[in-house]
Amino acid sequence: MPTPMSGDVVELPSDRTVVDGVHVLGSLSPSRAGDFMTCPLLYRYRTIDKLPEPSSPDAVRGTVVHKVLEDLFDLPAAERTPAQAAQMLQPAWEQLLEAEPAIAEMFGPEGPEIGAWLASCRESLGRYFTLEDPTRLEPAERELYVESLLESKLLLRGFIDRLDIAPTGEIRVVDYKTGRSPHESFEAKALFQMKFYALVVWRTRGVVPAMLQLIYLGNGEVLRYTPDESDLLATERKVEAIWAAISRAHESGDWRPRKSALCGWCAHQAICPEWGGTPPPLPASVSDALEVPDGGLTAEDLD
């Protein structure tokens, strides 16, 4: 994952934040905004307390598959084949393992067998080729860090898996998901991430993306959406409202949990009041710069 070359955040003693010389309210990524909408306490644990969370085989699969799909486009078009992608899997896995040796502990007696897990990665990659022909694509950008400062001085940022630009200038924003496509009732949440990216692209490039495309490698589905300016203005209002709610929680210290079906995937049930736990005290010093770029992807980004 590339390291952002701009937008460095500097925390000031007065709880202000400077980005490239401009004082900002704070920053949001689609994942952190999604965390707050899902559960304000989860947002607090991840963004303010910065509590560690164990990785998972599914999240690591996302990391490895994303890496292969990113590197695939470094090859000449004719070499972007299913067989070549399968050959790239093992080196991508070994590169990740070298960087994070502790990942190996997820496999074995207490977790999935590594051979079967690698086979599932190959299945995801193979499914990709049933959805797109990479020999016919020349992405303009891959794993692109984007940021935009709104008039309110709220900084929006994130990583886009792929940006395609047609010769006539139309932009397509593409995101890979190694999980399954969501039920229709959850599509809006998935599209919020894409509209967030589209908003940043619009604000930085002056062009409303012609297509937002989510590629689900878990079941071979593609979700497409054509945004317009009204969509993106509504997204901007929603992001501003989310930040206002975050600011109120920050000022009051009331990071209320929100129980839902997603609680089963939360790593912090033991310290959640909804599950009989007690949150730790808030850190002694909490900055309004509630998110600092670390160049990485969250589990939600990856799957």
# chains A, B, ... in the order shown; residues from 1 in each chain; ligands from 1
call {"tool": "select_by_dssp", "arguments": {"residues": "stretch 47-242 of chain A", "states": "alpha helix (DSSP H)", "output": "short mmCIF file (atom, residue, chain, number, x, y, z; two decimals) with N, CA, C and O atoms, in the first residue's frame"}}
result
data_model
loop_
_atom_site.label_atom_id
_atom_site.label_comp_id
_atom_site.auth_asym_id
_atom_site.auth_seq_id
_atom_site.Cartn_x
_atom_site.Cartn_y
_atom_site.Cartn_z
N PRO A 57 -8.49 -14.99 9.06
CA PRO A 57 -8.15 -15.55 7.75
C PRO A 57 -8.88 -14.85 6.61
O PRO A 57 -8.32 -14.69 5.52
N ASP A 58 -10.13 -14.44 6.85
CA ASP A 58 -10.87 -13.74 5.79
C ASP A 58 -10.22 -12.40 5.46
O ASP A 58 -10.09 -12.03 4.29
N ALA A 59 -9.82 -11.65 6.50
CA ALA A 59 -9.18 -10.36 6.26
C ALA A 59 -7.84 -10.53 5.55
O ALA A 59 -7.50 -9.75 4.65
N VAL A 60 -7.08 -11.54 5.96
CA VAL A 60 -5.78 -11.77 5.33
C VAL A 60 -5.97 -12.21 3.88
O VAL A 60 -5.19 -11.83 3.00
N ARG A 61 -7.01 -13.00 3.62
CA ARG A 61 -7.31 -13.36 2.23
C ARG A 61 -7.53 -12.10 1.41
O ARG A 61 -7.04 -11.98 0.27
N GLY A 62 -8.26 -11.15 1.98
CA GLY A 62 -8.49 -9.90 1.27
C GLY A 62 -7.21 -9.18 0.95
O GLY A 62 -7.01 -8.67 -0.16
N THR A 63 -6.29 -9.13 1.92
CA THR A 63 -5.01 -8.46 1.71
C THR A 63 -4.21 -9.11 0.57
O THR A 63 -3.69 -8.44 -0.31
N VAL A 64 -4.13 -10.43 0.61
CA VAL A 64 -3.33 -11.16 -0.38
C VAL A 64 -3.95 -11.05 -1.77
O VAL A 64 -3.25 -10.80 -2.77
N VAL A 65 -5.27 -11.23 -1.86
CA VAL A 65 -5.93 -11.16 -3.16
C VAL A 65 -5.84 -9.75 -3.74
O VAL A 65 -5.59 -9.58 -4.94
N HIS A 66 -6.02 -8.73 -2.89
CA HIS A 66 -5.86 -7.36 -3.37
C HIS A 66 -4.45 -7.14 -3.94
O HIS A 66 -4.27 -6.49 -4.97
N LYS A 67 -3.46 -7.67 -3.25
CA LYS A 67 -2.08 -7.49 -3.69
C LYS A 67 -1.86 -8.13 -5.06
O LYS A 67 -1.22 -7.53 -5.95
N VAL A 68 -2.38 -9.33 -5.26
CA VAL A 68 -2.22 -10.00 -6.55
C VAL A 68 -2.91 -9.21 -7.65
O VAL A 68 -2.35 -8.99 -8.74
N LEU A 69 -4.13 -8.73 -7.38
CA LEU A 69 -4.87 -7.99 -8.40
C LEU A 69 -4.21 -6.64 -8.70
O LEU A 69 -4.27 -6.16 -9.83
N GLU A 70 -3.57 -6.05 -7.70
CA GLU A 70 -2.83 -4.81 -7.95
C GLU A 70 -1.62 -5.09 -8.84
O GLU A 70 -1.39 -4.40 -9.85
N ASP A 71 -0.85 -6.12 -8.48
CA ASP A 71 0.39 -6.43 -9.22
C ASP A 71 0.12 -7.01 -10.61
O ASP A 71 0.97 -6.91 -11.50
N LEU A 72 -1.06 -7.60 -10.78
CA LEU A 72 -1.38 -8.21 -12.07
C LEU A 72 -1.28 -7.18 -13.20
O LEU A 72 -0.83 -7.50 -14.31
N PRO A 82 -5.41 -16.22 -15.73
CA PRO A 82 -5.70 -16.92 -14.47
C PRO A 82 -4.50 -17.70 -13.96
O PRO A 82 -4.24 -17.72 -12.75
N ALA A 83 -3.77 -18.34 -14.86
CA ALA A 83 -2.61 -19.13 -14.43
C ALA A 83 -1.54 -18.23 -13.82
O ALA A 83 -0.92 -18.58 -12.81
N GLN A 84 -1.33 -17.08 -14.43
CA GLN A 84 -0.32 -16.15 -13.91
C GLN A 84 -0.74 -15.61 -12.54
O GLN A 84 0.08 -15.50 -11.63
N ALA A 85 -2.01 -15.29 -12.38
CA ALA A 85 -2.49 -14.80 -11.09
C ALA A 85 -2.31 -15.87 -10.01
O ALA A 85 -1.91 -15.56 -8.88
N ALA A 86 -2.58 -17.13 -10.37
CA ALA A 86 -2.39 -18.21 -9.41
C ALA A 86 -0.93 -18.35 -9.00
O ALA A 86 -0.62 -18.61 -7.83
N GLN A 87 -0.02 -18.13 -9.95
CA GLN A 87 1.42 -18.21 -9.64
C GLN A 87 1.87 -17.05 -8.74
O GLN A 87 2.83 -17.19 -7.98
N MET A 88 1.19 -15.93 -8.82
CA MET A 88 1.54 -14.77 -8.02
C MET A 88 1.05 -14.86 -6.58
O MET A 88 1.47 -14.09 -5.72
N LEU A 89 0.17 -15.81 -6.32
CA LEU A 89 -0.44 -15.92 -4.99
C LEU A 89 0.59 -16.26 -3.92
O LEU A 89 0.66 -15.58 -2.87
N GLN A 90 1.38 -17.29 -4.12
CA GLN A 90 2.34 -17.73 -3.11
C GLN A 90 3.34 -16.62 -2.76
O GLN A 90 3.57 -16.36 -1.57
N PRO A 91 3.94 -15.95 -3.75
CA PRO A 91 4.86 -14.86 -3.41
C PRO A 91 4.18 -13.73 -2.63
O PRO A 91 4.78 -13.15 -1.72
N ALA A 92 2.92 -13.41 -2.98
CA ALA A 92 2.21 -12.36 -2.25
C ALA A 92 1.98 -12.77 -0.81
O ALA A 92 2.12 -11.96 0.12
N TRP A 93 1.64 -14.04 -0.60
CA TRP A 93 1.44 -14.56 0.75
C TRP A 93 2.75 -14.53 1.53
O TRP A 93 2.79 -14.10 2.70
N GLU A 94 3.82 -14.95 0.92
CA GLU A 94 5.11 -14.98 1.61
C GLU A 94 5.60 -13.57 1.94
O GLU A 94 6.20 -13.34 3.01
N GLN A 95 5.32 -12.63 1.07
CA GLN A 95 5.70 -11.23 1.33
C GLN A 95 4.95 -10.69 2.54
O GLN A 95 5.54 -10.02 3.41
N LEU A 96 3.67 -11.00 2.63
CA LEU A 96 2.88 -10.55 3.78
C LEU A 96 3.36 -11.23 5.06
O LEU A 96 3.48 -10.59 6.12
N LEU A 97 3.65 -12.52 4.95
CA LEU A 97 4.09 -13.27 6.12
C LEU A 97 5.44 -12.76 6.63
O LEU A 97 5.68 -12.71 7.84
N GLU A 98 6.30 -12.37 5.72
CA GLU A 98 7.59 -11.81 6.13
C GLU A 98 7.41 -10.49 6.87
O GLU A 98 8.11 -10.21 7.85
N ALA A 99 6.44 -9.69 6.40
CA ALA A 99 6.19 -8.40 7.04
C ALA A 99 5.47 -8.57 8.37
O ALA A 99 5.68 -7.79 9.31
N ILE A 114 -3.62 -24.29 6.17
CA ILE A 114 -3.07 -23.29 5.26
C ILE A 114 -3.28 -23.66 3.80
O ILE A 114 -3.58 -22.79 2.96
N GLY A 115 -3.20 -24.96 3.48
CA GLY A 115 -3.40 -25.37 2.09
C GLY A 115 -4.80 -25.07 1.62
O GLY A 115 -5.01 -24.56 0.50
N ALA A 116 -5.79 -25.37 2.46
CA ALA A 116 -7.18 -25.11 2.09
C ALA A 116 -7.43 -23.61 1.98
O ALA A 116 -8.18 -23.15 1.11
N TRP A 117 -6.79 -22.84 2.87
CA TRP A 117 -6.97 -21.39 2.83
C TRP A 117 -6.38 -20.81 1.55
O TRP A 117 -7.00 -19.96 0.90
N LEU A 118 -5.18 -21.25 1.16
CA LEU A 118 -4.58 -20.78 -0.08
C LEU A 118 -5.45 -21.18 -1.29
O LEU A 118 -5.57 -20.42 -2.25
N ALA A 119 -6.07 -22.35 -1.21
CA ALA A 119 -6.97 -22.76 -2.28
C ALA A 119 -8.15 -21.81 -2.39
O ALA A 119 -8.62 -21.50 -3.49
N SER A 120 -8.64 -21.34 -1.24
CA SER A 120 -9.76 -20.39 -1.27
C SER A 120 -9.32 -19.06 -1.89
O SER A 120 -10.11 -18.40 -2.56
N CYS A 121 -8.07 -18.68 -1.67
CA CYS A 121 -7.54 -17.47 -2.32
C CYS A 121 -7.50 -17.66 -3.83
O CYS A 121 -7.84 -16.74 -4.60
N ARG A 122 -7.06 -18.85 -4.27
CA ARG A 122 -7.01 -19.13 -5.71
C ARG A 122 -8.41 -19.10 -6.31
O ARG A 122 -8.62 -18.64 -7.44
N GLU A 123 -9.39 -19.60 -5.57
CA GLU A 123 -10.78 -19.57 -6.05
C GLU A 123 -11.25 -18.14 -6.25
O GLU A 123 -11.92 -17.82 -7.25
N SER A 124 -10.92 -17.26 -5.30
CA SER A 124 -11.31 -15.85 -5.42
C SER A 124 -10.67 -15.23 -6.66
O SER A 124 -11.32 -14.51 -7.42
N LEU A 125 -9.39 -15.52 -6.86
CA LEU A 125 -8.71 -14.97 -8.03
C LEU A 125 -9.28 -15.54 -9.32
O LEU A 125 -9.48 -14.81 -10.30
N GLY A 126 -9.56 -16.82 -9.33
CA GLY A 126 -10.15 -17.43 -10.52
C GLY A 126 -11.51 -16.83 -10.84
O GLY A 126 -11.85 -16.61 -12.01
N ARG A 127 -12.28 -16.53 -9.79
CA ARG A 127 -13.60 -15.95 -9.99
C ARG A 127 -13.50 -14.55 -10.59
O ARG A 127 -14.38 -14.13 -11.35
N TYR A 128 -12.44 -13.85 -10.24
CA TYR A 128 -12.25 -12.51 -10.81
C TYR A 128 -12.27 -12.55 -12.34
O TYR A 128 -12.87 -11.69 -12.99
N PHE A 129 -11.63 -13.55 -12.92
CA PHE A 129 -11.51 -13.62 -14.37
C PHE A 129 -12.84 -13.95 -15.05
O PHE A 129 -12.96 -13.81 -16.27
N THR A 130 -13.83 -14.40 -14.30
CA THR A 130 -15.16 -14.60 -14.87
C THR A 130 -15.95 -13.31 -14.91
O THR A 130 -17.01 -13.25 -15.55
N LEU A 131 -15.45 -12.28 -14.22
CA LEU A 131 -16.18 -11.02 -14.10
C LEU A 131 -15.57 -9.91 -14.94
O LEU A 131 -16.27 -8.99 -15.37
N GLU A 187 -27.28 -3.10 0.59
CA GLU A 187 -26.56 -2.50 -0.53
C GLU A 187 -26.23 -1.04 -0.29
O GLU A 187 -25.18 -0.55 -0.70
N ALA A 188 -27.11 -0.32 0.40
CA ALA A 188 -26.89 1.11 0.64
C ALA A 188 -25.61 1.34 1.43
O ALA A 188 -24.87 2.29 1.17
N LYS A 189 -25.34 0.45 2.39
CA LYS A 189 -24.12 0.59 3.19
C LYS A 189 -22.89 0.39 2.31
O LYS A 189 -21.90 1.14 2.42
N ALA A 190 -22.94 -0.60 1.42
CA ALA A 190 -21.81 -0.83 0.52
C ALA A 190 -21.62 0.34 -0.43
O ALA A 190 -20.49 0.77 -0.69
N LEU A 191 -22.71 0.90 -0.92
CA LEU A 191 -22.61 2.00 -1.86
C LEU A 191 -22.18 3.30 -1.19
O LEU A 191 -21.63 4.18 -1.85
N PHE A 192 -22.41 3.43 0.12
CA PHE A 192 -21.96 4.63 0.82
C PHE A 192 -20.45 4.78 0.67
O PHE A 192 -19.94 5.88 0.42
N GLN A 193 -19.72 3.69 0.83
CA GLN A 193 -18.26 3.73 0.67
C GLN A 193 -17.90 4.24 -0.72
O GLN A 193 -17.02 5.10 -0.89
N MET A 194 -18.58 3.73 -1.74
CA MET A 194 -18.25 4.11 -3.10
C MET A 194 -18.65 5.56 -3.39
O MET A 194 -17.93 6.29 -4.09
N LYS A 195 -19.79 6.00 -2.85
CA LYS A 195 -20.20 7.39 -3.04
C LYS A 195 -19.24 8.33 -2.32
O LYS A 195 -18.98 9.44 -2.78
N PHE A 196 -18.73 7.88 -1.18
CA PHE A 196 -17.72 8.65 -0.45
C PHE A 196 -16.50 8.87 -1.35
O PHE A 196 -16.01 10.00 -1.50
N TYR A 197 -16.00 7.79 -1.96
CA TYR A 197 -14.87 7.91 -2.87
C TYR A 197 -15.22 8.79 -4.07
O TYR A 197 -14.40 9.61 -4.51
N ALA A 198 -16.43 8.62 -4.60
CA ALA A 198 -16.84 9.42 -5.75
C ALA A 198 -16.88 10.91 -5.39
O ALA A 198 -16.51 11.76 -6.21
N LEU A 199 -17.32 11.22 -4.17
CA LEU A 199 -17.34 12.60 -3.71
C LEU A 199 -15.94 13.18 -3.69
O LEU A 199 -15.70 14.32 -4.15
N VAL A 200 -14.98 12.41 -3.17
CA VAL A 200 -13.60 12.90 -3.11
C VAL A 200 -13.05 13.10 -4.53
O VAL A 200 -12.38 14.10 -4.81
N VAL A 201 -13.32 12.15 -5.42
CA VAL A 201 -12.86 12.29 -6.81
C VAL A 201 -13.47 13.53 -7.44
O VAL A 201 -12.78 14.31 -8.13
N TRP A 202 -14.75 13.74 -7.23
CA TRP A 202 -15.44 14.90 -7.80
C TRP A 202 -14.82 16.20 -7.28
O TRP A 202 -14.56 17.12 -8.05
N ARG A 203 -14.59 16.26 -5.98
CA ARG A 203 -14.06 17.48 -5.37
C ARG A 203 -12.60 17.75 -5.79
O ARG A 203 -12.17 18.90 -5.83
N THR A 204 -11.87 16.70 -6.08
CA THR A 204 -10.45 16.90 -6.43
C THR A 204 -10.22 17.00 -7.93
O THR A 204 -9.28 17.67 -8.36
N ARG A 205 -11.06 16.35 -8.73
CA ARG A 205 -10.84 16.32 -10.18
C ARG A 205 -11.90 17.08 -10.97
O ARG A 205 -11.74 17.26 -12.18
N GLU A 229 -24.64 14.44 -9.48
CA GLU A 229 -24.24 15.47 -8.53
C GLU A 229 -25.13 15.48 -7.29
O GLU A 229 -24.65 15.69 -6.18
N SER A 230 -26.43 15.26 -7.47
CA SER A 230 -27.33 15.26 -6.31
C SER A 230 -26.99 14.14 -5.34
O SER A 230 -27.07 14.31 -4.12
N ASP A 231 -26.59 12.98 -5.88
CA ASP A 231 -26.15 11.87 -5.04
C ASP A 231 -24.96 12.30 -4.18
O ASP A 231 -24.91 12.03 -2.97
N LEU A 232 -24.00 12.92 -4.82
CA LEU A 232 -22.75 13.25 -4.12
C LEU A 232 -22.95 14.41 -3.15
O LEU A 232 -22.33 14.44 -2.09
N LEU A 233 -23.84 15.35 -3.48
CA LEU A 233 -24.16 16.41 -2.52
C LEU A 233 -24.86 15.83 -1.30
O LEU A 233 -24.60 16.25 -0.17
N ALA A 234 -25.73 14.85 -1.53
CA ALA A 234 -26.39 14.19 -0.39
C ALA A 234 -25.38 13.42 0.44
O ALA A 234 -25.47 13.41 1.68
N THR A 235 -24.40 12.80 -0.22
CA THR A 235 -23.34 12.09 0.51
C THR A 235 -22.53 13.07 1.35
O THR A 235 -22.17 12.79 2.50
N GLU A 236 -22.23 14.24 0.77
CA GLU A 236 -21.48 15.26 1.51
C GLU A 236 -22.26 15.70 2.75
O GLU A 236 -21.68 15.83 3.85
N ARG A 237 -23.57 15.90 2.61
CA ARG A 237 -24.38 16.29 3.77
C ARG A 237 -24.38 15.18 4.82
O ARG A 237 -24.32 15.45 6.03
N LYS A 238 -24.43 13.94 4.36
CA LYS A 238 -24.44 12.82 5.30
C LYS A 238 -23.12 12.74 6.05
O LYS A 238 -23.09 12.53 7.27
N VAL A 239 -22.01 12.91 5.34
CA VAL A 239 -20.70 12.88 5.98
C VAL A 239 -20.58 14.00 7.01
O VAL A 239 -20.06 13.80 8.11
N GLU A 240 -21.05 15.19 6.67
CA GLU A 240 -21.02 16.31 7.60
C GLU A 240 -21.85 16.00 8.84
O GLU A 240 -21.45 16.33 9.97
N ALA A 241 -23.01 15.37 8.64
CA ALA A 241 -23.86 15.02 9.78
C ALA A 241 -23.20 13.98 10.67
O ALA A 241 -23.30 14.03 11.90
N ILE A 242 -22.52 13.01 10.05
CA ILE A 242 -21.81 12.00 10.83
C ILE A 242 -20.73 12.67 11.67
O ILE A 242 -20.57 12.37 12.86
#
call {"tool": "residues_around", "arguments": {"residues": "A:Ser181", "least_positions_apart": "4", "cutoff": "7 Å", "atoms": "only C-alpha atoms", "output": "PyMOL selection string"}}
result
chain A and resi 216+219+221
call {"tool": "write_last_selection", "arguments": {"atoms": "N, CA, C and O atoms", "output": "PDB file, in the first residue's frame"}}
result
ATOM      1  N   TYR A 216     -17.527  -8.448  -6.204  1.00  0.00           N
ATOM      2  CA  TYR A 216     -17.576  -9.389  -5.086  1.00  0.00           C
ATOM      3  C   TYR A 216     -17.045 -10.748  -5.541  1.00  0.00           C
ATOM      4  O   TYR A 216     -17.687 -11.466  -6.310  1.00  0.00           O
ATOM      5  N   ASN A 219     -18.846 -14.513  -4.385  1.00  0.00           N
ATOM      6  CA  ASN A 219     -19.894 -15.226  -5.125  1.00  0.00           C
ATOM      7  C   ASN A 219     -19.998 -14.769  -6.577  1.00  0.00           C
ATOM      8  O   ASN A 219     -20.963 -15.090  -7.272  1.00  0.00           O
ATOM      9  N   GLU A 221     -20.403 -11.718  -8.052  1.00  0.00           N
ATOM     10  CA  GLU A 221     -21.402 -10.712  -8.397  1.00  0.00           C
ATOM     11  C   GLU A 221     -20.725  -9.351  -8.561  1.00  0.00           C
ATOM     12  O   GLU A 221     -19.695  -9.072  -7.945  1.00  0.00           O
TER      13      GLU A 221
END
call {"tool": "atom_distance", "arguments": {"atom1": "atom CA of A:Glu143", "atom2": "atom CA of A:Pro227"}}
result
21.4 Å
call {"tool": "residues_around", "arguments": {"residues": "A:Ala210", "least_positions_apart": "6", "cutoff": "9 Å", "atoms": "only C-alpha atoms", "output": "PyMOL selection string"}}
result
chain A and resi 170-173+225-228
call {"tool": "write_last_selection", "arguments": {"atoms": "N, CA and C atoms", "output": "compact mmCIF listing (two decimals), in the first residue's frame"}}
result
# COMPACT_ATOMS: atom_id res chain seq x y z
N GLU A 170 -14.34 9.73 -19.05
CA GLU A 170 -15.22 9.16 -18.02
C GLU A 170 -14.40 8.37 -17.00
N ILE A 171 -14.79 8.47 -15.74
CA ILE A 171 -14.07 7.82 -14.65
C ILE A 171 -14.93 6.71 -14.05
N ARG A 172 -14.29 5.57 -13.82
CA ARG A 172 -14.95 4.45 -13.12
C ARG A 172 -14.14 4.16 -11.86
N VAL A 173 -14.86 4.12 -10.73
CA VAL A 173 -14.25 3.79 -9.45
C VAL A 173 -14.55 2.32 -9.16
N TYR A 225 -23.27 1.19 -9.95
CA TYR A 225 -24.15 2.32 -9.64
C TYR A 225 -23.65 3.54 -10.40
N THR A 226 -24.58 4.29 -10.96
CA THR A 226 -24.25 5.52 -11.68
C THR A 226 -24.65 6.72 -10.84
N PRO A 227 -23.69 7.42 -10.27
CA PRO A 227 -24.03 8.56 -9.41
C PRO A 227 -24.25 9.83 -10.23
N ASP A 228 -24.88 10.82 -9.60
CA ASP A 228 -24.96 12.15 -10.20
C ASP A 228 -24.63 13.17 -9.12
call {"tool": "residues_around", "arguments": {"residues": "stretch 277-284 of chain A", "least_positions_apart": "5", "cutoff": "10 Å", "atoms": "only C-alpha atoms", "output": "list in words"}}
result
Leu41, Arg44, Tyr45, Ile48, Asp49, Lys50, Gly253, Trp255, His268, Gln269, Ala270, Ile271 and Cys272 of chain A
call {"tool": "select_by_dssp", "arguments": {"residues": "stretch 2-236 of chain A", "states": "strand (DSSP E or B)", "output": "number ranges by chain"}}
result
A: 9-11, 17-19, 22-24, 26-28, 141-149, 154-165, 171-177, 211-216, 221-225
call {"tool": "residues_around", "arguments": {"residues": "A:Leu156", "least_positions_apart": "5", "cutoff": "7 Å", "atoms": "only C-alpha atoms", "output": "PyMOL selection string"}}
result
chain A and resi 27-29+147-149+200
call {"tool": "atom_distance", "arguments": {"atom1": "atom CA of A:Leu155", "atom2": "atom CA of A:Glu251"}}
result
19.3 Å
call {"tool": "closest_residue", "arguments": {"among": "A:Asp254, A:Glu184, A:Glu132, A:Glu79", "to": "A:Gln213", "atoms": "only C-alpha atoms"}}
result
A:Glu132
call {"tool": "closest_residue", "arguments": {"among": "A:Ala78, A:Leu212, A:Gly34, A:Thr168", "to": "A:Asp133", "atoms": "only C-alpha atoms"}}
result
A:Ala78
